[in-house]
Amino acid sequence: MKKKILSLALCAMMMGGAMVSCGGSKANAAEETAEAADSIPTVYYIKDITPENLVKIYEALGRKAEGRVGIKISTGESNKSNHLDTALIADLVRLVNGTFIECNTAYAGNRNETEKHYQTAKEHGFVDLAGVDIMDAEGDTTLTVGVPEGHLKNINYVGKHINNYDFIVVLSHFKGHQMAGFGGALKNISIGMGSSAGKTWQHTAGKTADVEKIWGNIAEQKDFTESMAEAAKSIVDHFGKNILYINVANRLSIDCDCNGDPAEPKMGDFGVLASLDPVALDQACLDMVFNSEDPGKADLVERINSRMGTHTVDHAAEIGVGSKEYKLVTITE
């Protein structure tokens, strides 16, 4: 991680082979280097995955969740799914006094209809911990993507209840995914906050929002990953500074929590990471997977690469969702 930061700083000073190109003097070059370093988002990291450390890493971000707080999680497809344990997240949920928010899926299962989705959330312990709001229970609303030339035609369909919230805590289980390669913060705010129609819209790269037509119109993988990045941008732009992101890297199956019968994890847990930048956060998690010495990572790496998972992060950075450069700060106490 230090190498990434150093490379950015050197680029700011030495573009064209001399510091003079950065401003004409060593003093100006140093100032610009400092400004570049200050603009790099911070990703906080704690190795031990505990309720106390979830609270600690939230507090490290320095951004207080206030007003009507939504906590974006995955409620999990079945009891076999690897969704976050309510015992693990309970202290954080109570601290921010939030409501769990979800949207219905675009495939047949336990969560494609509001009543079934709510019942599943109840069975998995979420209802007993806090309120649960299926945000598209009363339909959709749209957000502007801010990428007019993109796949989504500048429109993202999200749950209508999104307007009921002032602040969002994006609490994601980082793991693999059978279609997206991996799931983290970006997927949690793109597919995760898309209504059933919005999920269809993204999976088909803007061909249709009709759930009944999703499987006949699934987009090419590159277009799908770029559509997720575009949808994520609409959420980031909508909430501005009233959003933060926490990834819990445990139960690292190659399959998502939307899978009712996921593959058993082979890679070991590696911790909790958090940032105010979802691109930096997901990039840091990917770096930890790819740079890990854990031989169990092989299946997860293959899943990410075979689904072009890293392209979601790349494209999100390209369209201004966040930065792939980051400073990693390890919290040890």
# chains A, B, ... in the order shown; residues from 1 in each chain; ligands from 1
$ residues_around --residues "range 309-325 of chain A" --least-positions-apart "6" --cutoff "6 Å" --atoms "only C-alpha atoms" --output "PyMOL selection string"
chain A and resi 180-182+225-226+229+233+277+279-280
$ write_last_selection --atoms "C-alpha atoms" --output "tab-separated table (two decimals), in the first residue's frame"
chain	number	residue	atom	x	y	z
A	180	ALA	CA	-20.36	-9.85	-10.67
A	181	GLY	CA	-17.17	-11.65	-9.62
A	182	PHE	CA	-17.23	-10.13	-6.16
A	225	THR	CA	-19.97	-4.32	-14.72
A	226	GLU	CA	-19.96	-0.82	-16.16
A	229	ALA	CA	-20.49	1.37	-11.66
A	233	LYS	CA	-22.42	6.82	-9.07
A	277	ASP	CA	-14.78	6.22	-0.67
A	279	VAL	CA	-13.92	2.60	-4.84
A	280	ALA	CA	-10.92	2.84	-2.53
$ select_by_dssp --residues "range 222-291 of chain A" --states "strand (DSSP E)" --output "PyMOL selection string"
chain A and resi 243-249+271-275
$ atom_distance --atom1 "CA of Tyr107 in chain A" --atom2 "CA of His177 in chain A"
15.1 Å
$ residues_around --residues "Cys258 in chain A" --least-positions-apart "3" --cutoff "10 Å" --atoms "only C-alpha atoms" --output "PDB file with all heavy atoms, in the first residue's frame"
ATOM      1  N   SER A  74     -27.304  -6.979   3.087  1.00  0.00           N
ATOM      2  CA  SER A  74     -28.029  -8.050   2.401  1.00  0.00           C
ATOM      3  C   SER A  74     -28.667  -8.923   3.466  1.00  0.00           C
ATOM      4  O   SER A  74     -27.997  -9.342   4.416  1.00  0.00           O
ATOM      5  CB  SER A  74     -27.086  -8.909   1.552  1.00  0.00           C
ATOM      6  OG  SER A  74     -27.758 -10.073   1.089  1.00  0.00           O
ATOM      7  N   THR A  75     -29.946  -9.168   3.325  1.00  0.00           N
ATOM      8  CA  THR A  75     -30.654  -9.996   4.298  1.00  0.00           C
ATOM      9  C   THR A  75     -30.402 -11.487   4.095  1.00  0.00           C
ATOM     10  O   THR A  75     -30.761 -12.291   4.945  1.00  0.00           O
ATOM     11  CB  THR A  75     -32.168  -9.724   4.226  1.00  0.00           C
ATOM     12  OG1 THR A  75     -32.581  -9.761   2.856  1.00  0.00           O
ATOM     13  CG2 THR A  75     -32.487  -8.361   4.811  1.00  0.00           C
ATOM     14  N   GLY A  76     -29.786 -11.874   2.965  1.00  0.00           N
ATOM     15  CA  GLY A  76     -29.438 -13.278   2.737  1.00  0.00           C
ATOM     16  C   GLY A  76     -30.597 -14.081   2.181  1.00  0.00           C
ATOM     17  O   GLY A  76     -31.747 -13.910   2.603  1.00  0.00           O
ATOM     18  N   GLU A  77     -30.301 -14.952   1.242  1.00  0.00           N
ATOM     19  CA  GLU A  77     -31.345 -15.716   0.568  1.00  0.00           C
ATOM     20  C   GLU A  77     -31.892 -16.859   1.416  1.00  0.00           C
ATOM     21  O   GLU A  77     -33.076 -17.167   1.373  1.00  0.00           O
ATOM     22  CB  GLU A  77     -30.804 -16.252  -0.770  1.00  0.00           C
ATOM     23  CG  GLU A  77     -31.825 -17.001  -1.610  1.00  0.00           C
ATOM     24  CD  GLU A  77     -32.964 -16.114  -2.112  1.00  0.00           C
ATOM     25  OE1 GLU A  77     -32.830 -14.868  -2.111  1.00  0.00           O
ATOM     26  OE2 GLU A  77     -34.012 -16.675  -2.503  1.00  0.00           O
ATOM     27  N   SER A  78     -31.029 -17.504   2.193  1.00  0.00           N
ATOM     28  CA  SER A  78     -31.473 -18.647   2.994  1.00  0.00           C
ATOM     29  C   SER A  78     -30.637 -18.727   4.263  1.00  0.00           C
ATOM     30  O   SER A  78     -29.695 -17.953   4.464  1.00  0.00           O
ATOM     31  CB  SER A  78     -31.331 -19.952   2.208  1.00  0.00           C
ATOM     32  OG  SER A  78     -29.984 -20.399   2.207  1.00  0.00           O
ATOM     33  N   SER A  81     -26.976 -19.074   3.536  1.00  0.00           N
ATOM     34  CA  SER A  81     -26.246 -17.937   2.977  1.00  0.00           C
ATOM     35  C   SER A  81     -25.298 -17.341   4.010  1.00  0.00           C
ATOM     36  O   SER A  81     -25.511 -17.467   5.216  1.00  0.00           O
ATOM     37  CB  SER A  81     -27.230 -16.870   2.485  1.00  0.00           C
ATOM     38  OG  SER A  81     -28.068 -17.388   1.463  1.00  0.00           O
ATOM     39  N   ASN A  82     -24.270 -16.662   3.512  1.00  0.00           N
ATOM     40  CA  ASN A  82     -23.226 -16.141   4.388  1.00  0.00           C
ATOM     41  C   ASN A  82     -23.426 -14.671   4.751  1.00  0.00           C
ATOM     42  O   ASN A  82     -22.449 -13.944   4.962  1.00  0.00           O
ATOM     43  CB  ASN A  82     -21.865 -16.322   3.715  1.00  0.00           C
ATOM     44  CG  ASN A  82     -21.479 -17.780   3.589  1.00  0.00           C
ATOM     45  OD1 ASN A  82     -21.512 -18.528   4.556  1.00  0.00           O
ATOM     46  ND2 ASN A  82     -21.126 -18.196   2.377  1.00  0.00           N
ATOM     47  N   HIS A  83     -24.681 -14.226   4.805  1.00  0.00           N
ATOM     48  CA  HIS A  83     -24.961 -12.840   5.171  1.00  0.00           C
ATOM     49  C   HIS A  83     -24.412 -12.527   6.571  1.00  0.00           C
ATOM     50  O   HIS A  83     -24.162 -13.438   7.373  1.00  0.00           O
ATOM     51  CB  HIS A  83     -26.462 -12.585   5.129  1.00  0.00           C
ATOM     52  CG  HIS A  83     -27.259 -13.603   5.894  1.00  0.00           C
ATOM     53  ND1 HIS A  83     -27.666 -14.799   5.342  1.00  0.00           N
ATOM     54  CD2 HIS A  83     -27.709 -13.605   7.170  1.00  0.00           C
ATOM     55  CE1 HIS A  83     -28.333 -15.505   6.242  1.00  0.00           C
ATOM     56  NE2 HIS A  83     -28.371 -14.798   7.352  1.00  0.00           N
ATOM     57  N   THR A 105     -35.484  -8.699  -5.067  1.00  0.00           N
ATOM     58  CA  THR A 105     -34.622  -9.251  -6.112  1.00  0.00           C
ATOM     59  C   THR A 105     -35.365  -9.318  -7.440  1.00  0.00           C
ATOM     60  O   THR A 105     -36.580  -9.088  -7.511  1.00  0.00           O
ATOM     61  CB  THR A 105     -34.139 -10.657  -5.725  1.00  0.00           C
ATOM     62  OG1 THR A 105     -35.272 -11.533  -5.633  1.00  0.00           O
ATOM     63  CG2 THR A 105     -33.397 -10.648  -4.400  1.00  0.00           C
ATOM     64  N   TYR A 107     -35.091 -12.128  -9.342  1.00  0.00           N
ATOM     65  CA  TYR A 107     -35.119 -13.560  -9.675  1.00  0.00           C
ATOM     66  C   TYR A 107     -36.031 -14.265  -8.679  1.00  0.00           C
ATOM     67  O   TYR A 107     -36.262 -13.772  -7.574  1.00  0.00           O
ATOM     68  CB  TYR A 107     -33.713 -14.167  -9.615  1.00  0.00           C
ATOM     69  CG  TYR A 107     -33.023 -13.968  -8.278  1.00  0.00           C
ATOM     70  CD1 TYR A 107     -33.250 -14.841  -7.212  1.00  0.00           C
ATOM     71  CD2 TYR A 107     -32.168 -12.898  -8.068  1.00  0.00           C
ATOM     72  CE1 TYR A 107     -32.641 -14.650  -5.987  1.00  0.00           C
ATOM     73  CE2 TYR A 107     -31.548 -12.693  -6.854  1.00  0.00           C
ATOM     74  CZ  TYR A 107     -31.790 -13.578  -5.813  1.00  0.00           C
ATOM     75  OH  TYR A 107     -31.190 -13.374  -4.595  1.00  0.00           O
ATOM     76  N   GLY A 109     -37.302 -16.583  -5.808  1.00  0.00           N
ATOM     77  CA  GLY A 109     -36.639 -17.041  -4.597  1.00  0.00           C
ATOM     78  C   GLY A 109     -37.360 -16.540  -3.367  1.00  0.00           C
ATOM     79  O   GLY A 109     -38.567 -16.285  -3.399  1.00  0.00           O
ATOM     80  N   ASN A 110     -36.615 -16.360  -2.292  1.00  0.00           N
ATOM     81  CA  ASN A 110     -37.201 -15.948  -1.027  1.00  0.00           C
ATOM     82  C   ASN A 110     -37.339 -14.445  -0.848  1.00  0.00           C
ATOM     83  O   ASN A 110     -37.893 -14.000   0.150  1.00  0.00           O
ATOM     84  CB  ASN A 110     -36.360 -16.504   0.136  1.00  0.00           C
ATOM     85  CG  ASN A 110     -36.385 -18.011   0.193  1.00  0.00           C
ATOM     86  OD1 ASN A 110     -37.377 -18.635  -0.159  1.00  0.00           O
ATOM     87  ND2 ASN A 110     -35.292 -18.614   0.650  1.00  0.00           N
ATOM     88  N   ARG A 111     -36.825 -13.667  -1.814  1.00  0.00           N
ATOM     89  CA  ARG A 111     -36.798 -12.217  -1.595  1.00  0.00           C
ATOM     90  C   ARG A 111     -37.257 -11.415  -2.807  1.00  0.00           C
ATOM     91  O   ARG A 111     -36.963 -10.226  -2.913  1.00  0.00           O
ATOM     92  CB  ARG A 111     -35.376 -11.787  -1.196  1.00  0.00           C
ATOM     93  CG  ARG A 111     -34.884 -12.413   0.102  1.00  0.00           C
ATOM     94  CD  ARG A 111     -33.475 -11.937   0.466  1.00  0.00           C
ATOM     95  NE  ARG A 111     -32.546 -12.280  -0.580  1.00  0.00           N
ATOM     96  CZ  ARG A 111     -31.523 -11.511  -0.966  1.00  0.00           C
ATOM     97  NH1 ARG A 111     -31.319 -10.342  -0.397  1.00  0.00           N
ATOM     98  NH2 ARG A 111     -30.709 -11.897  -1.926  1.00  0.00           N
ATOM     99  N   HIS A 177     -18.948 -13.475  -6.060  1.00  0.00           N
ATOM    100  CA  HIS A 177     -20.309 -13.376  -6.609  1.00  0.00           C
ATOM    101  C   HIS A 177     -20.362 -14.115  -7.935  1.00  0.00           C
ATOM    102  O   HIS A 177     -19.459 -13.987  -8.755  1.00  0.00           O
ATOM    103  CB  HIS A 177     -20.717 -11.919  -6.801  1.00  0.00           C
ATOM    104  CG  HIS A 177     -22.177 -11.750  -7.102  1.00  0.00           C
ATOM    105  ND1 HIS A 177     -22.696 -11.904  -8.369  1.00  0.00           N
ATOM    106  CD2 HIS A 177     -23.223 -11.455  -6.302  1.00  0.00           C
ATOM    107  CE1 HIS A 177     -24.009 -11.713  -8.333  1.00  0.00           C
ATOM    108  NE2 HIS A 177     -24.356 -11.434  -7.090  1.00  0.00           N
ATOM    109  N   GLN A 178     -21.434 -14.860  -8.130  1.00  0.00           N
ATOM    110  CA  GLN A 178     -21.525 -15.723  -9.305  1.00  0.00           C
ATOM    111  C   GLN A 178     -21.703 -14.963 -10.613  1.00  0.00           C
ATOM    112  O   GLN A 178     -21.393 -15.493 -11.685  1.00  0.00           O
ATOM    113  CB  GLN A 178     -22.652 -16.747  -9.138  1.00  0.00           C
ATOM    114  CG  GLN A 178     -23.976 -16.182  -8.696  1.00  0.00           C
ATOM    115  CD  GLN A 178     -24.138 -16.144  -7.186  1.00  0.00           C
ATOM    116  OE1 GLN A 178     -23.195 -15.972  -6.427  1.00  0.00           O
ATOM    117  NE2 GLN A 178     -25.389 -16.280  -6.745  1.00  0.00           N
ATOM    118  N   ASP A 255     -19.414 -17.418  -3.762  1.00  0.00           N
ATOM    119  CA  ASP A 255     -20.808 -17.097  -4.076  1.00  0.00           C
ATOM    120  C   ASP A 255     -21.343 -15.996  -3.175  1.00  0.00           C
ATOM    121  O   ASP A 255     -20.927 -15.831  -2.026  1.00  0.00           O
ATOM    122  CB  ASP A 255     -21.685 -18.341  -3.912  1.00  0.00           C
ATOM    123  CG  ASP A 255     -21.349 -19.438  -4.909  1.00  0.00           C
ATOM    124  OD1 ASP A 255     -21.059 -19.101  -6.069  1.00  0.00           O
ATOM    125  OD2 ASP A 255     -21.362 -20.621  -4.526  1.00  0.00           O
ATOM    126  N   ASP A 261     -27.498 -21.617  -1.537  1.00  0.00           N
ATOM    127  CA  ASP A 261     -26.665 -22.792  -1.260  1.00  0.00           C
ATOM    128  C   ASP A 261     -25.233 -22.509  -1.733  1.00  0.00           C
ATOM    129  O   ASP A 261     -24.743 -23.130  -2.676  1.00  0.00           O
ATOM    130  CB  ASP A 261     -27.238 -24.022  -1.976  1.00  0.00           C
ATOM    131  CG  ASP A 261     -26.571 -25.317  -1.542  1.00  0.00           C
ATOM    132  OD1 ASP A 261     -25.972 -25.336  -0.448  1.00  0.00           O
ATOM    133  OD2 ASP A 261     -26.634 -26.301  -2.309  1.00  0.00           O
ATOM    134  N   PRO A 262     -24.554 -21.575  -1.092  1.00  0.00           N
ATOM    135  CA  PRO A 262     -23.236 -21.135  -1.566  1.00  0.00           C
ATOM    136  C   PRO A 262     -22.142 -22.165  -1.318  1.00  0.00           C
ATOM    137  O   PRO A 262     -22.259 -23.014  -0.428  1.00  0.00           O
ATOM    138  CB  PRO A 262     -22.983 -19.874  -0.735  1.00  0.00           C
ATOM    139  CG  PRO A 262     -23.711 -20.146   0.551  1.00  0.00           C
ATOM    140  CD  PRO A 262     -24.954 -20.882   0.143  1.00  0.00           C
TER     141      PRO A 262
END
$ closest_residue --among "A:Ile73, A:Ala65, A:Ile155, A:Ile57" --to "Thr332 in chain A" --atoms "only C-alpha atoms"
A:Ile57
$ closest_residue --among "A:Leu143, A:Gly206, A:Ala106, A:Thr200" --to "Ala232 in chain A" --atoms "only C-alpha atoms"
A:Leu143
$ residues_around --residues "range 249-252 of chain A" --least-positions-apart "6" --cutoff "8 Å" --atoms "only C-alpha atoms" --output "list in words"
Ile49, Asn82, His173, Phe174, Lys175, Gly176, Pro265, Lys266, Met267, Gly268, Asp269, Phe270, Gly271, Val272, Leu273, Cys285 and Leu300 of chain A
$ residues_around --residues "Val127 in chain A" --least-positions-apart "2" --cutoff "12 Å" --atoms "only C-alpha atoms" --output "list in words"
Thr75, Thr86, Ala90, Val93, Gly98, Thr99, Phe100, Ile101, His117, Tyr118, Gln119, Thr120, Ala121, Lys122, Glu123, His124, Gly125, Leu129, Ala130, Gly131, Val132, Asp133 and Ile134 of chain A
$ residues_around --residues "Thr144 in chain A" --least-positions-apart "4" --cutoff "7 Å" --atoms "only C-alpha atoms" --output "list in words"
Asn154, Ile155, Asn156 and Ser234 of chain A
$ write_last_selection --atoms "all heavy atoms" --output "PDB file, in the first residue's frame"
ATOM      1  N   ASN A 154     -28.541   7.376 -18.377  1.00  0.00           N
ATOM      2  CA  ASN A 154     -28.580   8.417 -17.351  1.00  0.00           C
ATOM      3  C   ASN A 154     -29.676   8.220 -16.316  1.00  0.00           C
ATOM      4  O   ASN A 154     -30.017   9.146 -15.575  1.00  0.00           O
ATOM      5  CB  ASN A 154     -28.711   9.812 -17.973  1.00  0.00           C
ATOM      6  CG  ASN A 154     -27.864  10.846 -17.260  1.00  0.00           C
ATOM      7  OD1 ASN A 154     -26.893  10.511 -16.595  1.00  0.00           O
ATOM      8  ND2 ASN A 154     -28.217  12.111 -17.403  1.00  0.00           N
ATOM      9  N   ILE A 155     -30.224   6.992 -16.228  1.00  0.00           N
ATOM     10  CA  ILE A 155     -31.321   6.711 -15.298  1.00  0.00           C
ATOM     11  C   ILE A 155     -30.976   5.490 -14.446  1.00  0.00           C
ATOM     12  O   ILE A 155     -30.520   4.471 -14.959  1.00  0.00           O
ATOM     13  CB  ILE A 155     -32.637   6.423 -16.056  1.00  0.00           C
ATOM     14  CG1 ILE A 155     -33.086   7.650 -16.848  1.00  0.00           C
ATOM     15  CG2 ILE A 155     -33.738   5.997 -15.082  1.00  0.00           C
ATOM     16  CD1 ILE A 155     -34.254   7.359 -17.784  1.00  0.00           C
ATOM     17  N   ASN A 156     -31.218   5.605 -13.144  1.00  0.00           N
ATOM     18  CA  ASN A 156     -31.116   4.453 -12.253  1.00  0.00           C
ATOM     19  C   ASN A 156     -32.421   4.305 -11.491  1.00  0.00           C
ATOM     20  O   ASN A 156     -32.918   5.267 -10.891  1.00  0.00           O
ATOM     21  CB  ASN A 156     -29.951   4.629 -11.269  1.00  0.00           C
ATOM     22  CG  ASN A 156     -29.747   3.401 -10.390  1.00  0.00           C
ATOM     23  OD1 ASN A 156     -30.083   2.287 -10.784  1.00  0.00           O
ATOM     24  ND2 ASN A 156     -29.204   3.595  -9.207  1.00  0.00           N
ATOM     25  N   SER A 234     -24.828   7.120  -9.146  1.00  0.00           N
ATOM     26  CA  SER A 234     -26.067   7.837  -8.845  1.00  0.00           C
ATOM     27  C   SER A 234     -26.336   7.875  -7.342  1.00  0.00           C
ATOM     28  O   SER A 234     -26.842   8.878  -6.821  1.00  0.00           O
ATOM     29  CB  SER A 234     -27.251   7.201  -9.583  1.00  0.00           C
ATOM     30  OG  SER A 234     -27.648   5.978  -8.988  1.00  0.00           O
TER      31      SER A 234
END
$ select_by_dssp --residues "range 143-258 of chain A" --states "alpha helix (DSSP H)" --output "tab-separated table (two decimals) with N, CA and C atoms, in the first residue's frame"
chain	number	residue	atom	x	y	z
A	185	ALA	N	-18.76	-2.91	-1.45
A	185	ALA	CA	-19.51	-1.66	-1.29
A	185	ALA	C	-20.19	-1.23	-2.59
A	186	LEU	N	-19.46	-1.31	-3.70
A	186	LEU	CA	-20.03	-0.86	-4.98
A	186	LEU	C	-21.26	-1.67	-5.38
A	187	LYS	N	-21.19	-2.96	-5.22
A	187	LYS	CA	-22.34	-3.78	-5.58
A	187	LYS	C	-23.50	-3.54	-4.61
A	188	ASN	N	-23.19	-3.28	-3.36
A	188	ASN	CA	-24.23	-3.08	-2.36
A	188	ASN	C	-25.03	-1.80	-2.62
A	189	ILE	N	-24.40	-0.80	-3.25
A	189	ILE	CA	-25.15	0.43	-3.55
A	189	ILE	C	-25.66	0.47	-4.98
A	196	SER	N	-36.41	-3.98	-8.01
A	196	SER	CA	-36.43	-5.14	-8.92
A	196	SER	C	-36.23	-4.68	-10.36
A	197	ALA	N	-36.89	-3.59	-10.71
A	197	ALA	CA	-36.72	-3.04	-12.06
A	197	ALA	C	-35.31	-2.53	-12.26
A	198	GLY	N	-34.75	-1.90	-11.22
A	198	GLY	CA	-33.40	-1.38	-11.31
A	198	GLY	C	-32.35	-2.47	-11.44
A	199	LYS	N	-32.55	-3.56	-10.74
A	199	LYS	CA	-31.64	-4.70	-10.88
A	199	LYS	C	-31.69	-5.23	-12.31
A	200	THR	N	-32.90	-5.30	-12.85
A	200	THR	CA	-33.07	-5.75	-14.24
A	200	THR	C	-32.39	-4.78	-15.20
A	201	TRP	N	-32.58	-3.50	-14.96
A	201	TRP	CA	-32.00	-2.43	-15.79
A	201	TRP	C	-30.47	-2.56	-15.83
A	202	GLN	N	-29.87	-2.84	-14.68
A	202	GLN	CA	-28.41	-2.97	-14.62
A	202	GLN	C	-27.93	-4.28	-15.26
A	203	HIS	N	-28.59	-5.36	-14.96
A	203	HIS	CA	-28.18	-6.65	-15.51
A	203	HIS	C	-28.29	-6.69	-17.04
A	221	GLN	N	-20.68	-9.13	-20.24
A	221	GLN	CA	-20.13	-8.93	-18.90
A	221	GLN	C	-19.53	-7.54	-18.70
A	222	LYS	N	-18.79	-7.06	-19.66
A	222	LYS	CA	-18.17	-5.74	-19.53
A	222	LYS	C	-19.24	-4.67	-19.36
A	223	ASP	N	-20.31	-4.76	-20.15
A	223	ASP	CA	-21.38	-3.78	-20.07
A	223	ASP	C	-22.11	-3.86	-18.72
A	224	PHE	N	-22.26	-5.08	-18.22
A	224	PHE	CA	-22.91	-5.27	-16.92
A	224	PHE	C	-22.10	-4.64	-15.79
A	225	THR	N	-20.80	-4.90	-15.77
A	225	THR	CA	-19.97	-4.32	-14.72
A	225	THR	C	-19.94	-2.80	-14.80
A	226	GLU	N	-19.94	-2.27	-16.00
A	226	GLU	CA	-19.96	-0.82	-16.16
A	226	GLU	C	-21.31	-0.24	-15.74
A	227	SER	N	-22.37	-0.98	-15.96
A	227	SER	CA	-23.70	-0.53	-15.53
A	227	SER	C	-23.78	-0.45	-14.01
A	228	MET	N	-23.17	-1.42	-13.31
A	228	MET	CA	-23.13	-1.36	-11.85
A	228	MET	C	-22.39	-0.11	-11.39
A	229	ALA	N	-21.26	0.18	-12.02
A	229	ALA	CA	-20.49	1.37	-11.66
A	229	ALA	C	-21.31	2.63	-11.85
A	230	GLU	N	-22.06	2.70	-12.96
A	230	GLU	CA	-22.91	3.86	-13.22
A	230	GLU	C	-24.00	4.01	-12.15
A	231	ALA	N	-24.63	2.90	-11.81
A	231	ALA	CA	-25.67	2.93	-10.78
A	231	ALA	C	-25.10	3.38	-9.44
A	232	ALA	N	-23.89	2.90	-9.13
A	232	ALA	CA	-23.24	3.31	-7.89
A	232	ALA	C	-23.01	4.82	-7.86
A	233	LYS	N	-22.65	5.37	-9.00
A	233	LYS	CA	-22.42	6.82	-9.07
A	233	LYS	C	-23.68	7.60	-8.71
A	234	SER	N	-24.83	7.12	-9.15
A	234	SER	CA	-26.07	7.84	-8.84
A	234	SER	C	-26.34	7.87	-7.34
A	235	ILE	N	-26.00	6.80	-6.63
A	235	ILE	CA	-26.19	6.76	-5.18
A	235	ILE	C	-25.21	7.69	-4.48
A	236	VAL	N	-23.94	7.62	-4.88
A	236	VAL	CA	-22.91	8.47	-4.28
A	236	VAL	C	-23.24	9.94	-4.49
A	237	ASP	N	-23.67	10.29	-5.69
A	237	ASP	CA	-24.02	11.69	-5.98
A	237	ASP	C	-25.25	12.12	-5.19
A	238	HIS	N	-26.19	11.22	-5.03
A	238	HIS	CA	-27.44	11.55	-4.34
A	238	HIS	C	-27.21	11.86	-2.86
A	239	PHE	N	-26.38	11.07	-2.20
A	239	PHE	CA	-26.19	11.25	-0.76
A	239	PHE	C	-25.02	12.15	-0.40
$ residues_around --residues "Glu52 in chain A" --least-positions-apart "4" --cutoff "12 Å" --atoms "only C-alpha atoms" --output "list of chain:residue names"
A:Ile46, A:Asp48, A:Lys56, A:Ile57, A:Tyr58, A:Glu59, A:Ala87, A:Leu88, A:Ile89, A:Ala90, A:Asp91, A:Leu92, A:Val93, A:Leu95, A:Val272, A:Glu333
$ closest_residue --among "A:Glu138, A:Glu212, A:Glu115, A:Glu220" --to "Met308 in chain A" --atoms "only C-alpha atoms"
A:Glu220
$ closest_residue --among "A:Gln283, A:Ile191, A:Asp257, A:Lys160" --to "Asn79 in chain A" --atoms "only C-alpha atoms"
A:Asp257
$ atom_distance --atom1 "CA of Val145 in chain A" --atom2 "CA of Asn104 in chain A"
20.8 Å
